[in-house]
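Raw final-v2.txt, compact mmCIF, C-alpha atoms and all ligand atoms:
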```
# COMPACT_ATOMS: atom_id res chain seq x y z
CA MET J 15 -6.54 20.30 30.49
CA SER J 16 -7.39 22.41 27.43
CA ASN J 17 -11.07 23.13 26.74
CA GLU J 18 -10.63 22.66 23.00
CA LEU J 19 -9.57 19.75 20.81
CA SER J 20 -6.10 19.72 19.25
CA VAL J 21 -7.65 18.73 15.88
CA ASN J 22 -10.09 20.39 13.45
CA HIS J 23 -11.54 17.10 12.17
CA LEU J 24 -12.11 13.68 13.72
CA LEU J 25 -10.29 11.48 11.23
CA GLY J 26 -8.92 8.81 13.57
CA ILE J 27 -7.92 8.17 17.17
CA LYS J 28 -4.32 8.18 15.95
CA TYR J 29 -4.49 11.98 15.64
CA LEU J 30 -5.90 12.64 19.15
CA ASN J 31 -3.87 13.10 22.33
CA ARG J 32 -4.82 12.02 25.83
CA ASP J 33 -6.16 15.49 26.71
CA ASP J 34 -8.48 15.30 23.68
CA LEU J 35 -9.80 11.94 24.87
CA GLU J 36 -10.37 13.20 28.42
CA LEU J 37 -12.08 16.35 27.09
CA ILE J 38 -14.43 14.29 24.90
CA PHE J 39 -15.31 12.06 27.88
CA LYS J 40 -15.94 15.01 30.22
CA THR J 41 -18.14 16.67 27.59
CA ALA J 42 -19.97 13.37 26.99
CA ASP J 43 -20.66 13.14 30.75
CA GLN J 44 -22.57 16.43 30.49
CA PHE J 45 -24.48 15.33 27.39
CA LYS J 46 -25.31 11.97 28.95
CA GLU J 47 -26.98 13.88 31.76
CA VAL J 48 -28.88 15.96 29.16
CA ILE J 49 -30.23 12.95 27.25
CA ASN J 50 -31.53 11.40 30.44
CA ARG J 51 -33.61 14.49 31.29
CA PRO J 52 -37.33 14.68 30.41
CA ILE J 53 -36.39 17.31 27.76
CA ARG J 54 -33.47 15.66 25.97
CA LYS J 55 -32.47 18.55 23.75
CA VAL J 56 -30.08 21.52 24.00
CA PRO J 57 -29.65 24.43 21.56
CA SER J 58 -25.83 24.00 21.31
CA LEU J 59 -25.71 23.47 17.51
CA ARG J 60 -28.70 25.59 16.50
CA ASP J 61 -28.05 27.08 13.01
CA ILE J 62 -25.36 24.45 12.28
CA THR J 63 -26.17 22.11 9.38
CA ILE J 64 -24.69 18.61 9.32
CA ALA J 65 -24.68 16.18 6.38
CA ASN J 66 -24.48 12.48 7.17
CA LEU J 67 -22.94 10.80 4.13
CA PHE J 68 -23.14 7.02 4.32
CA PHE J 69 -21.48 5.32 1.35
CA GLU J 70 -21.56 2.03 3.27
CA ASN J 71 -24.28 0.31 5.33
CA SER J 72 -24.81 1.22 8.97
CA THR J 73 -27.49 0.93 11.63
CA ARG J 74 -25.97 2.04 14.94
CA THR J 75 -23.51 4.70 13.77
CA LYS J 76 -25.90 6.38 11.34
CA LEU J 77 -28.84 6.55 13.74
CA SER J 78 -26.62 7.51 16.67
CA PHE J 79 -25.06 10.44 14.78
CA GLU J 80 -28.47 11.58 13.59
CA LEU J 81 -29.91 11.45 17.09
CA ALA J 82 -26.85 13.21 18.54
CA GLU J 83 -27.23 16.00 15.96
CA LYS J 84 -30.95 16.38 16.66
CA ARG J 85 -30.39 16.40 20.44
CA LEU J 86 -27.97 19.30 19.81
CA SER J 87 -30.62 21.11 17.67
CA ALA J 88 -28.54 20.95 14.47
CA ASP J 89 -30.23 20.84 11.05
CA VAL J 90 -29.57 17.41 9.56
CA ILE J 91 -29.50 16.05 6.01
CA ASN J 92 -28.91 12.38 5.23
CA PHE J 93 -27.33 10.89 2.15
CA SER J 94 -27.00 7.24 1.18
CA ALA J 95 -24.88 6.26 -1.81
CA ALA J 96 -27.54 3.85 -3.09
CA GLY J 97 -29.98 5.88 -5.18
CA SER J 98 -27.65 8.91 -5.42
CA SER J 99 -25.75 10.35 -8.41
CA VAL J 100 -22.59 8.56 -7.18
CA THR J 101 -23.95 5.58 -9.12
CA LYS J 102 -23.69 7.78 -12.28
CA GLY J 103 -19.94 8.28 -11.82
CA GLU J 104 -19.71 11.52 -9.82
CA THR J 105 -16.48 11.80 -7.78
CA LEU J 106 -16.48 11.93 -3.97
CA VAL J 107 -15.13 15.51 -3.95
CA ASP J 108 -17.73 16.71 -6.47
CA THR J 109 -20.54 15.02 -4.54
CA VAL J 110 -19.44 16.58 -1.25
CA ASN J 111 -18.77 20.04 -2.75
CA ASN J 112 -22.29 20.05 -4.19
CA ILE J 113 -23.70 19.20 -0.77
CA LEU J 114 -21.50 21.84 0.92
CA SER J 115 -22.71 24.53 -1.51
CA MET J 116 -26.13 24.12 0.17
CA LYS J 117 -24.49 25.81 3.22
CA VAL J 118 -23.58 22.68 5.15
CA ASP J 119 -21.11 23.16 8.05
CA MET J 120 -20.03 19.63 8.96
CA VAL J 121 -19.80 16.28 7.20
CA VAL J 122 -20.07 12.91 8.92
CA MET J 123 -18.92 10.23 6.48
CA ARG J 124 -18.76 6.45 6.37
CA HIS J 125 -16.93 5.06 3.36
CA ALA J 126 -15.65 1.62 2.33
CA LYS J 127 -12.22 2.97 1.31
CA PRO J 128 -9.52 3.36 3.99
CA GLY J 129 -8.31 6.97 4.05
CA ALA J 130 -11.49 8.39 2.47
CA ALA J 131 -12.11 10.76 5.41
CA ILE J 132 -8.51 12.03 5.38
CA PHE J 133 -8.70 12.56 1.62
CA LEU J 134 -11.93 14.52 2.01
CA SER J 135 -10.52 16.72 4.78
CA GLN J 136 -7.67 17.68 2.41
CA ASN J 137 -9.92 18.42 -0.55
CA VAL J 138 -13.08 20.15 0.72
CA ASN J 139 -13.70 23.09 3.03
CA SER J 140 -15.67 21.55 5.90
CA ILE J 141 -15.28 19.83 9.25
CA ILE J 142 -15.03 16.09 8.58
CA VAL J 143 -16.01 13.38 11.06
CA ASN J 144 -14.98 9.84 10.16
CA ALA J 145 -17.84 7.41 10.84
CA GLY J 146 -15.72 4.46 9.66
CA ASP J 147 -13.40 4.22 6.65
CA GLY J 148 -12.90 0.68 5.37
CA ALA J 149 -10.60 -1.38 7.58
CA HIS J 150 -8.80 1.77 8.76
CA GLU J 151 -10.43 3.62 11.70
CA HIS J 152 -13.81 4.00 13.44
CA PRO J 153 -12.94 6.69 15.97
CA THR J 154 -16.35 7.31 17.55
CA GLN J 155 -16.76 3.56 18.12
CA ALA J 156 -13.46 3.44 20.02
CA LEU J 157 -14.44 6.54 22.00
CA LEU J 158 -17.78 5.07 23.04
CA ASP J 159 -16.11 1.74 23.85
CA ALA J 160 -13.50 3.41 26.09
CA TYR J 161 -16.19 5.63 27.64
CA SER J 162 -18.25 2.53 28.48
CA ILE J 163 -15.22 0.92 30.17
CA ARG J 164 -14.59 4.17 32.09
CA GLU J 165 -18.26 4.22 33.13
CA LYS J 166 -18.09 0.67 34.45
CA TYR J 167 -14.63 0.79 36.11
CA GLN J 168 -14.22 4.58 36.74
CA ASP J 169 -10.72 4.39 35.20
CA ILE J 170 -9.17 2.82 32.11
CA GLU J 171 -5.54 3.04 33.26
CA GLY J 172 -4.18 -0.46 33.94
CA LYS J 173 -7.27 -2.31 32.71
CA LYS J 174 -6.62 -5.40 30.59
CA VAL J 175 -8.66 -5.49 27.40
CA VAL J 176 -8.62 -8.30 24.86
CA ILE J 177 -10.05 -7.73 21.38
CA VAL J 178 -11.11 -11.08 19.93
CA GLY J 179 -11.74 -12.08 16.32
CA ASP J 180 -11.15 -10.59 12.90
CA ILE J 181 -8.46 -8.02 13.72
CA LEU J 182 -7.16 -7.94 10.14
CA HIS J 183 -10.31 -6.42 8.62
CA SER J 184 -11.44 -4.41 11.64
CA ARG J 185 -11.41 -0.61 11.88
CA VAL J 186 -12.87 -1.02 15.38
CA ALA J 187 -9.82 -2.99 16.50
CA LEU J 188 -7.30 -0.43 15.26
CA SER J 189 -9.15 2.57 16.74
CA ASN J 190 -9.64 0.69 20.04
CA ILE J 191 -5.95 -0.21 20.23
CA PHE J 192 -4.91 3.44 19.69
CA CYS J 193 -7.51 4.73 22.17
CA LEU J 194 -6.92 2.21 24.96
CA ARG J 195 -3.13 2.49 24.72
CA LYS J 196 -3.31 6.31 24.92
CA LEU J 197 -5.45 5.92 28.06
CA GLY J 198 -3.00 3.52 29.75
CA ALA J 199 -4.83 0.20 29.28
CA GLU J 200 -3.05 -3.05 28.47
CA VAL J 201 -4.31 -4.50 25.19
CA MET J 202 -4.21 -7.99 23.73
CA VAL J 203 -5.63 -9.25 20.44
CA CYS J 204 -6.78 -12.85 20.05
CA GLY J 205 -7.80 -14.73 16.93
CA PRO J 206 -6.60 -17.14 14.25
CA THR J 207 -3.11 -16.33 12.89
CA THR J 208 -4.67 -15.54 9.50
CA LEU J 209 -6.86 -12.81 11.01
CA ILE J 210 -4.08 -11.04 12.95
CA PRO J 211 -2.09 -8.54 10.83
CA LYS J 212 1.70 -9.00 10.75
CA TYR J 213 2.38 -5.38 11.87
CA ILE J 214 0.41 -5.87 15.13
CA HIS J 215 3.50 -6.20 17.38
CA SER J 216 4.59 -2.68 16.37
CA LEU J 217 1.49 -1.32 18.20
CA GLY J 218 2.87 -2.42 21.59
CA ILE J 219 0.18 -4.98 22.36
CA LYS J 220 0.06 -8.67 23.26
CA VAL J 221 -1.10 -11.40 20.87
CA SER J 222 -2.69 -14.74 21.71
CA HIS J 223 -4.25 -17.42 19.57
CA ASN J 224 -5.77 -19.18 22.58
CA LEU J 225 -9.18 -17.83 23.60
CA MET J 226 -9.23 -19.37 27.09
CA GLU J 227 -5.77 -17.93 27.88
CA ALA J 228 -6.88 -14.50 26.61
CA LEU J 229 -10.13 -14.51 28.59
CA GLU J 230 -8.30 -15.55 31.77
CA TRP J 231 -5.83 -12.65 31.28
CA CYS J 232 -8.36 -9.87 30.67
CA ASP J 233 -10.83 -7.72 32.63
CA ILE J 234 -12.79 -6.92 29.48
CA ALA J 235 -13.27 -8.86 26.22
CA ASN J 236 -14.37 -6.92 23.14
CA MET J 237 -15.75 -9.48 20.68
CA LEU J 238 -15.58 -8.67 16.96
CA ARG J 239 -17.66 -9.98 14.10
CA VAL J 240 -15.96 -11.87 11.29
CA GLN J 241 -16.13 -9.38 8.43
CA HIS J 242 -17.11 -11.63 5.54
CA GLU J 243 -17.80 -8.57 3.35
CA ARG J 244 -14.10 -7.58 3.46
CA GLN J 245 -12.74 -11.09 2.90
CA GLU J 246 -11.90 -12.22 -0.60
CA LEU J 247 -10.26 -15.37 0.74
CA GLN J 248 -11.32 -17.94 3.30
CA TYR J 249 -9.29 -17.22 6.46
CA PHE J 250 -10.40 -20.26 8.46
CA PRO J 251 -11.70 -23.71 7.46
CA SER J 252 -15.37 -23.25 8.41
CA VAL J 253 -17.64 -21.10 10.59
CA ARG J 254 -18.22 -24.14 12.83
CA GLU J 255 -14.49 -24.47 13.49
CA TYR J 256 -14.22 -20.72 14.14
CA VAL J 257 -17.03 -20.96 16.72
CA GLN J 258 -15.33 -23.90 18.43
CA GLN J 259 -12.06 -21.99 18.82
CA TYR J 260 -13.09 -18.33 19.16
CA GLY J 261 -16.79 -18.21 20.08
CA VAL J 262 -17.49 -17.01 23.64
CA THR J 263 -20.10 -19.06 25.49
CA MET J 264 -21.42 -18.99 29.07
CA ARG J 265 -19.68 -22.33 29.64
CA LEU J 266 -16.30 -20.69 28.89
CA LEU J 267 -17.06 -17.64 31.06
CA ASN J 268 -18.07 -19.86 33.98
CA ARG J 269 -14.71 -21.64 33.83
CA LEU J 270 -12.77 -18.38 34.40
CA SER J 271 -11.32 -17.52 37.82
CA LYS J 272 -13.12 -14.11 37.82
CA PRO J 273 -16.07 -12.47 36.05
CA ILE J 274 -15.13 -10.41 32.99
CA THR J 275 -17.04 -7.74 31.05
CA ILE J 276 -18.19 -8.54 27.52
CA MET J 277 -18.36 -5.87 24.83
CA HIS J 278 -19.25 -5.95 21.13
CA PRO J 279 -19.45 -3.04 18.67
CA GLY J 280 -22.33 -4.70 16.75
CA PRO J 281 -23.78 -5.97 14.59
CA ILE J 282 -23.49 -9.26 16.49
CA ASN J 283 -23.68 -12.68 14.90
CA ARG J 284 -25.39 -14.66 17.65
CA GLY J 285 -23.97 -18.16 17.90
CA VAL J 286 -20.76 -17.25 16.03
CA GLU J 287 -18.37 -14.93 17.92
CA ILE J 288 -20.76 -14.70 20.89
CA SER J 289 -23.60 -16.93 22.14
CA SER J 290 -27.05 -15.43 22.71
CA GLU J 291 -26.76 -16.24 26.40
CA VAL J 292 -23.52 -14.23 26.73
CA ALA J 293 -24.83 -11.32 24.63
CA ASP J 294 -27.89 -11.00 26.89
CA SER J 295 -26.10 -11.73 30.19
CA ASP J 296 -25.37 -9.36 33.08
CA GLN J 297 -21.71 -9.45 32.06
CA SER J 298 -22.52 -7.86 28.68
CA ILE J 299 -22.48 -4.04 28.31
CA ILE J 300 -23.34 -4.14 24.59
CA LEU J 301 -26.45 -1.97 24.88
CA ASN J 302 -24.69 0.46 27.26
CA GLN J 303 -22.14 0.95 24.47
CA VAL J 304 -24.93 1.86 22.04
CA GLU J 305 -26.52 4.24 24.57
CA ASN J 306 -23.17 5.92 25.24
CA GLY J 307 -22.61 6.38 21.50
CA VAL J 308 -25.14 9.22 21.39
CA ALA J 309 -23.46 11.20 24.21
CA ILE J 310 -19.99 10.60 22.72
CA ARG J 311 -21.10 11.76 19.27
CA MET J 312 -22.80 14.83 20.77
CA ALA J 313 -19.49 15.64 22.49
CA VAL J 314 -17.42 15.20 19.31
CA LEU J 315 -19.78 17.30 17.16
CA TYR J 316 -20.08 20.01 19.80
CA LEU J 317 -16.32 20.28 20.39
CA LEU J 318 -15.48 20.39 16.67
CA ALA J 319 -18.20 22.95 15.92
CA SER J 320 -17.12 25.13 18.89
CA LYS J 321 -13.58 25.10 17.60
CA LYS J 322 -14.66 26.25 14.16
CA GLU J 323 -16.70 29.08 15.67
CA MET J 324 -13.65 30.15 17.71
CA ASN J 325 -11.52 30.13 14.56
CA PHE J 326 -14.11 32.17 12.70
CA ALA J 327 -14.09 34.67 15.56
CA GLN J 328 -10.31 35.01 15.27
CA THR J 329 -10.31 35.71 11.50
N1 LIG Z 1 -20.69 -0.53 15.30
C1 LIG Z 1 -21.05 -0.10 14.09
O1 LIG Z 1 -20.33 0.62 13.41
O2 LIG Z 1 -22.28 -0.54 13.68
P1 LIG Z 1 -23.00 -0.08 12.33
O3 LIG Z 1 -22.21 -0.70 11.19
O4 LIG Z 1 -24.40 -0.62 12.42
O5 LIG Z 1 -22.96 1.39 12.26
```

Would you mind giving the structure from this file in structure tokens?
Ligand code: CP
Amino acid sequence: MSNELSVNHLLGIKYLNRDDLELIFKTADQFKEVINRPIRKVPSLRDITIANLFFENSTRTKLSFELAEKRLSADVINFSAAGSSVTKGETLVDTVNNILSMKVDMVVMRHAKPGAAIFLSQNVNSIIVNAGDGAHEHPTQALLDAYSIREKYQDIEGKKVVIVGDILHSRVALSNIFCLRKLGAEVMVCGPTTLIPKYIHSLGIKVSHNLMEALEWCDIANMLRVQHERQELQYFPSVREYVQQYGVTMRLLNRLSKPITIMHPGPINRGVEISSEVADSDQSIILNQVENGVAIRMAVLYLLASKKEMNFAQT
């Protein structure tokens, strides 16, 4: 296995190969050990400056990246679109080039537009890490999700994972499908017909519209939030009917022939896609996912920064 990534940016799981995924996980194992020590900091990114540009709301991803950067001793600057000059009409490229001129080495960006991270990587001179671009990809979420499965089951190969809910508007679903398939898992999506994209069969995965059937099939269920902010239309008759058909409750889990693991990328809507009892149960690894996010993001930032340093050394 190579000790460097095949890519210069993290734009999506689509662009990573299996060796990249294994390298990120092995590196995250080392950083997970670091962040559980009494002194949770290493000097790996000392003198590297990282800008976190969040053009869209975030709690977990933003704080997790910031913590990962600080644990690696990077200098960190944070930018939120609200209150910035973006509201005065400045373009994305101009905004980022102004920030880069302050001697910034890496950019972590969340943006509402699909493809924004790819566009940026083609138009500015910096390492770009996609922290979620519209309904396109959320690569670090998929990495931390797969890492959490690997942590629980030792291996991902052959595991059956169902992703339940709003697949149509979900960047988490697409990145998870790419990641789990590359790692040899079997993947199913489950939700109302209106929330499953028509191209889904081309990704080599199963589709079900029956939650009980999907839960019985899987080892792991990754529950997604209904993304009302990306829906211009009503995709199901009412939230109550959605809950009846696609909400996971303890009563449903207790009817299954075997225990399954419950995941959720957050933010969760308690009582909609997942009951409070399930979210807080022993079967849930939701908070392990959040914990693992820091180690995964440390690994991604470290591997991308190391690669740039190697390239500098060669030129
Ligand atoms: N999972 C996730 O992306 O959460 P945030 O929107 O809070 O970052």

I'd like the neighbourhood of Lys174 (chain J) as JSON, numbers by chain, where a residue qualifies if any of its atoms comes within 10 Å (using all atoms listed in the file), though same-chain residues fewer than 2 positions away should be ignored.
{"J": [170, 171, 172, 176, 194, 198, 199, 200, 201, 202, 228, 229, 231, 232, 233, 234, 235]}

Nearby polymer residues, ligand LIG 1 (chain Z), at most 9 Å, all atoms listed in the file, as a list in words:
Glu70, Asn71, Ser72, Thr73, Arg74, Thr75, Lys76, Leu77, Ser78, Arg124, Ala145, Gly146, His152, Thr154, Gln155, Val186, His278, Pro279, Gly280, Pro281 and Val304 of chain J

Selected residues written out with C-alpha atoms, as a PDB file, in the frame of the given file:
```
ATOM      1  CA  GLU J  70     -21.560   2.030   3.270  1.00  0.00           C
ATOM      2  CA  ASN J  71     -24.280   0.310   5.330  1.00  0.00           C
ATOM      3  CA  SER J  72     -24.810   1.220   8.970  1.00  0.00           C
ATOM      4  CA  THR J  73     -27.490   0.930  11.630  1.00  0.00           C
ATOM      5  CA  ARG J  74     -25.970   2.040  14.940  1.00  0.00           C
ATOM      6  CA  THR J  75     -23.510   4.700  13.770  1.00  0.00           C
ATOM      7  CA  LYS J  76     -25.900   6.380  11.340  1.00  0.00           C
ATOM      8  CA  LEU J  77     -28.840   6.550  13.740  1.00  0.00           C
ATOM      9  CA  SER J  78     -26.620   7.510  16.670  1.00  0.00           C
ATOM     10  CA  ARG J 124     -18.760   6.450   6.370  1.00  0.00           C
ATOM     11  CA  ALA J 145     -17.840   7.410  10.840  1.00  0.00           C
ATOM     12  CA  GLY J 146     -15.720   4.460   9.660  1.00  0.00           C
ATOM     13  CA  HIS J 152     -13.810   4.000  13.440  1.00  0.00           C
ATOM     14  CA  THR J 154     -16.350   7.310  17.550  1.00  0.00           C
ATOM     15  CA  GLN J 155     -16.760   3.560  18.120  1.00  0.00           C
ATOM     16  CA  VAL J 186     -12.870  -1.020  15.380  1.00  0.00           C
ATOM     17  CA  HIS J 278     -19.250  -5.950  21.130  1.00  0.00           C
ATOM     18  CA  PRO J 279     -19.450  -3.040  18.670  1.00  0.00           C
ATOM     19  CA  GLY J 280     -22.330  -4.700  16.750  1.00  0.00           C
ATOM     20  CA  PRO J 281     -23.780  -5.970  14.590  1.00  0.00           C
ATOM     21  CA  VAL J 304     -24.930   1.860  22.040  1.00  0.00           C
TER      22      VAL J 304
END
```

Which residue gives the smallest distance to Glu287 (chain J) among J:Ala95, J:Ile274, J:Val253, J:Val56, with only C-alpha atoms counted?
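The closest residue to Glu287 (chain J) is J:Val253.
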
What is the CA of Leu25 (chain J)-CA of Asn111 (chain J) distance in Å, reported with one decimal?
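Atom-to-atom, CA of Leu25 (chain J) to CA of Asn111 (chain J), that is 18.5 Å.
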
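You will find CA of Asn22 (chain J) at 17.5 Å from CA of Phe39 (chain J).
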
Could you check the closest approach to Val118 (chain J) for each of J:Asp89, J:Asp296, J:Glu104, J:Glu305 and tell me which residue wins, using only C-alpha atoms?
J:Asp89

Using all atoms listed in the file, the best pick from J:Arg239, J:Arg85, J:His23, J:Lys322 as closest to Arg51 (chain J) would be J:Arg85

Select all residues near (-11.9, -7.6, 23.1) (cut-off 6 Å, inclusive, file coordinates), counting all atoms listed in the file, and output them as a list in words.
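The residues that fall inside the cut-off are Val175, Val176, Ile177, Val178, Ala235, Asn236 and Met237 of chain J.
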
Determine, counting all atoms listed in the file, which protein, DNA and RNA residues have an atom within 12 Å of an atom of Tyr260 (chain J); residues of the same chain fewer than 2 positions away are not included. Present the result as a PyMOL selection string.
chain J and resi 177-180+203-207+209+222-229+235+237-240+250+253-258+262-263+266+285-289

In Å, with one decimal, what is the gap from CA of Ile132 (chain J) to CA of Ile219 (chain J)?
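Answer for the CA of Ile132 (chain J) to CA of Ile219 (chain J) separation: 25.6 Å.
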
Contacts of Phe69 (chain J) at 12 Å or less, counting only C-alpha atoms, minus same-chain residues fewer than 5 places along, as a PyMOL selection string?
chain J and resi 76+92-101+106+109-110+122-127+130-131+144-148

Which of J:Ile38, J:Met264, J:Ala149, J:Ile300 sits closest to His183 (chain J) [using all atoms listed in the file]
J:Ala149

For Asn17 (chain J): contacts at 10 Å, all atoms listed in the file, fewer than 5 positions along chain excluded, given as a PyMOL selection string
chain J and resi 33-34+37-38+41+317+321

Same residues, C-alpha atoms, saved as a PDB file, keeping the file's coordinate frame:
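again_4.pdb written:
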```
ATOM      1  CA  ASP J  33      -6.160  15.490  26.710  1.00  0.00           C
ATOM      2  CA  ASP J  34      -8.480  15.300  23.680  1.00  0.00           C
ATOM      3  CA  LEU J  37     -12.080  16.350  27.090  1.00  0.00           C
ATOM      4  CA  ILE J  38     -14.430  14.290  24.900  1.00  0.00           C
ATOM      5  CA  THR J  41     -18.140  16.670  27.590  1.00  0.00           C
ATOM      6  CA  LEU J 317     -16.320  20.280  20.390  1.00  0.00           C
ATOM      7  CA  LYS J 321     -13.580  25.100  17.600  1.00  0.00           C
TER       8      LYS J 321
END
```

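For the residues J:Thr105, J:Ser16, J:Thr208, J:Ala156, ranking by smallest atom-to-atom distance to Gln248 (chain J) using all atoms listed in the file places J:Thr208 first.
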